[in-house]
Amino acid sequence: MTGCVEPGCPGTYEDGWCNVCGSPEPTQVPTGGVVTGHVHGDPSLGPAGAGVGAGPAAPDPSGSAADGAAAGDGGSAAAGGPAGDGSGDGASAEAPAEGPSAHQVATPAPGQTRQAVRAARVRRQRAASGRRSRLGMGLTQVPPVPPGDPLDAVMVDPEVPEDRRVCPNCGARVGRALGEGGGRQQGFCPQCGAPYSFTPKLDQGDLVAGQYEVAGALAHGGMGWIYLARDRNVSDRWVVLKGLLNTGDADALDAAVAEQQFLAQVKHPLIVEIYNVVTHEGDAYTVMEHVGGTSLKQMLKARMQAAGRYDAFPVEQALAYVIEVLPAFTHLHDLGLLYCDFKPDNLIQEGDGVKLIDLGGVRRQDDLESPIYGTVGYQAPEVAEVGPSVASDVYTVGRTLAVLTFEFRGYQSEYVDSLPPMSQVPPFVEHDAFYRLVARCCAPDPNDRFLTVEDLRSQMMGVLRQVVAAGSDHPATLSSHSPVFDPPVSTTETLAWWELPELKHDDADPMLDWVANLPTSDPVALHAALQGASERTPEVLLAQARAGIRVGQQTWVEDAVRGLLAEDPWDWRASWMRGLWALSRVGTAQPSDRDADRAAGHAAASHLAVVRDALPGEIAPRLALALASEIGGYAKAAELDYDRAWRTDAAYVAPAAFGLYRVRLGRGDVDGAITALDSVPPGSRAHPRARWLRAELLRRRGGLADLRESVHSVSRLTLDPRQRAHFSAGVYEQALEQVREHGERPDWRLGEVRLTRDALRRALEQEYRFLADYTPDPAERAALIDRANAVRPWSWT
């Protein structure tokens, strides 16, 4: 297969078409033929859409009668030319005029039938449809779910499973089998005497409210039966009728009415729409939009049946589903509503989109009286006592992610309000950022969870990037926008606290403009000015903390941190500042104390780990934590975090690559260090420094092949003349030793110098004399001249 010629496309041509961008493969055709190029319309048609040959159309592999008819229409004349001649050979009746034409079309290559061309077009359309999928944020692909026939979802024998039959009044188990026969579908509760009924109230053919013709039952839920029906008044569109499971349940009746009221004000493309509320034979039914496709719970069941075991979604696919639907939660929360009952059953995929269904548990945020509906295993533990909240909705999102990505045994019993140990869950072990995301969503204390769904979505997208990047062996080529951190600024092999990403300013802070106008060049003067602030907002306190770090004033830093925590005890920025303070202490001990530096690194790591856990989708805490671990002596942990940053975000490749270089070199892995330096992209400001360090590593290793590569590494670098001369002299000295030990290699060169004794000596003499000219010290200059004379080849003429 040959590569696609379209700019920037990584695809290859298959069957005449690119398997990525879908463009046709350029082909050479005989003079007078049509050159294949970008397709304008149907490739089976001639200019202006006319038929290019008479005779019957080839069978359409897509099964589309319309396409087949169009392809077989040979009676139309080509634009400006005669009708087809009936030969049916697929050639144009008249060769196009010379020069570019807006009507150039793709024609079959020699030996390629029109049927093959159409088949390729169908494959290309399907591939293009997959590329347009919203799911996955362009980071991963999620298979589309084609819309099916709604009638296929109708239950043949609608019945509530016995293990789900409970009394609507007291919650006791009812309708259970006592002997060999099945349990009763209706009767009276043996505990409280309340009536119960689990039989559907509507049958196929029933006409509800004179408008909705019932096709059958679709499913049964916690509050009632759901039916499929046709709306005879509106184009026979499919609708869903949702009725009560037990008409004697007053709470369920209230919830049904409340659901209708809530849905009336909810208009969002990701949320099922309510059309009407009607009554039939004394029962109320909510008429809702029919959403085709398949629920995530149904997909999990299908995957399990196909695999013969529990087959969870890949982590990136589960994240893609939930990321897509979270704006629906934001919409509800903005309206003052809570969803309350998120789970895989209530998220449906159709095509390349998803939709949130079953708003039966929705309630107002300030509602303290209405009954609470949720699902055991998904509902937050505090809901029973204090009621639902935005934090409890966040909790359901975390539990749903867990169920989607691993076999969560005991999630409704042993782990009903906790997570299994991280070490027992492969997706958690493989993607620790995913674990930290789920753990924060499902934190026992609601205050430890994400504050808003938008905060959660931002971090979830960052985690998705990390999960996708984990499958790559290459550095990141794309940068992501962080809402809280600026990109790092480091361009050298060292990394200090002031080169780490800075916090972005909070545009909503009322003192931001005042702080921005203060002088920042003098930290002492800045601190004095900050003491006159009319209000000690977070921006004032953060500016004070940074000033304290710059001049080594811990009291300033701690005062600012206490102010942040007094305002919000969960403000992770306090830990960030404490981590920076600890890093700033590295190298300040007099005399130099390695143990003191390790202690500072350990302290920094403990604070920065808090930030990493609070912001699992951010790369900045990873980079800072890697630096702290490196200083603290935790080389393995440092390498893992540097590697995550290196794979995930292009803005972090250079500082992360230098970090990998330091860690690997520290354990003697020169090849690994060189590989890390090679990953710094040519467009980076750090690239020249990376090439220089690479050359130095190769030179120190000293083999002839290493020396050749070392010279090549610096050949295009702009270096100080004296620096280049020092480097070249060192290379020639080592090469001369290698030649003396292993013999000359006249077929090899170091730059322009052959690997022979005489050539190397002349080159080394030249570098010594050059260095002598640039050396101001007389004694050092004389020594260089002596070395030049000593190495100079003897001449007998």
# chains A, B, ... in the order shown; residues from 1 in each chain; ligands from 1
>>> residues_around(residues="Thr675 (chain A)", least_positions_apart="4", cutoff="9 Å", atoms="only C-alpha atoms", output="PyMOL selection string")
chain A and resi 657+661+670-671+679+694
>>> residues_around(residues="Ala470 (chain A)", least_positions_apart="4", cutoff="9 Å", atoms="only C-alpha atoms", output="list in words")
Glu430, His431, Arg465, Gln466, Arg644, Arg647 and Thr648 of chain A
>>> write_last_selection(atoms="C-alpha atoms", output="JSON list (two decimals), in the first residue's frame")
[["chain", "number", "residue", "atom", "x", "y", "z"],
["A", 430, "GLU", "CA", -2.89, 0.41, 34.71],
["A", 431, "HIS", "CA", -4.24, 3.97, 34.84],
["A", 465, "ARG", "CA", -5.74, 12.05, 27.35],
["A", 466, "GLN", "CA", -3.54, 10.22, 29.83],
["A", 644, "ARG", "CA", 3.23, 10.27, 31.86],
["A", 647, "ARG", "CA", 3.41, 11.00, 26.59],
["A", 648, "THR", "CA", 0.40, 13.19, 27.30]]
>>> residues_around(residues="Arg781 (chain A)", least_positions_apart="5", cutoff="8 Å", atoms="only C-alpha atoms", output="list in words")
Leu771, Ala772, Asp773, Thr775 and Pro776 of chain A
>>> select_by_dssp(residues="region 171-399 of chain A", states="strand (DSSP E or B)", output="VMD selection string")
chain A and resid 173 186 to 188 195 to 197 207 to 208 212 to 220 225 to 231 237 to 242 271 274 to 280 283 to 289 294 to 295 337 to 338 347 to 351 353 to 356 363 to 364
>>> residues_around(residues="region 709-726 of chain A", least_positions_apart="3", cutoff="10 Å", atoms="only C-alpha atoms", output="PyMOL selection string")
chain A and resi 687-706+729-731+749-751+764+766-775
>>> closest_residue(among="A:Val663, A:Val145, A:Leu437, A:Leu135", to="Gly617 (chain A)", atoms="only C-alpha atoms")
A:Leu437
>>> closest_residue(among="A:Ile619, A:Val540, A:Leu518, A:Ala284", to="His505 (chain A)", atoms="only C-alpha atoms")
A:Val540
>>> closest_atom_pairs(of="region 315-342 of chain A", to="region 360-364 of chain A", cutoff="6 Å", atoms="only C-alpha atoms", output="JSON lines")
{"residue": "A:Gly336", "atom": "CA", "partner": "A:Arg364", "partner_atom": "CA", "distance": 5.8}
{"residue": "A:Leu337", "atom": "CA", "partner": "A:Arg364", "partner_atom": "CA", "distance": 4.4}
{"residue": "A:Leu338", "atom": "CA", "partner": "A:Val362", "partner_atom": "CA", "distance": 5.5}
{"residue": "A:Tyr339", "atom": "CA", "partner": "A:Val362", "partner_atom": "CA", "distance": 4.6}
{"residue": "A:Cys340", "atom": "CA", "partner": "A:Gly361", "partner_atom": "CA", "distance": 5.7}
{"residue": "A:Asp341", "atom": "CA", "partner": "A:Gly361", "partner_atom": "CA", "distance": 6.0}
>>> closest_residue(among="A:Val397, A:Leu623, A:Ser480, A:Asp367", to="Leu319 (chain A)", atoms="only C-alpha atoms")
A:Val397
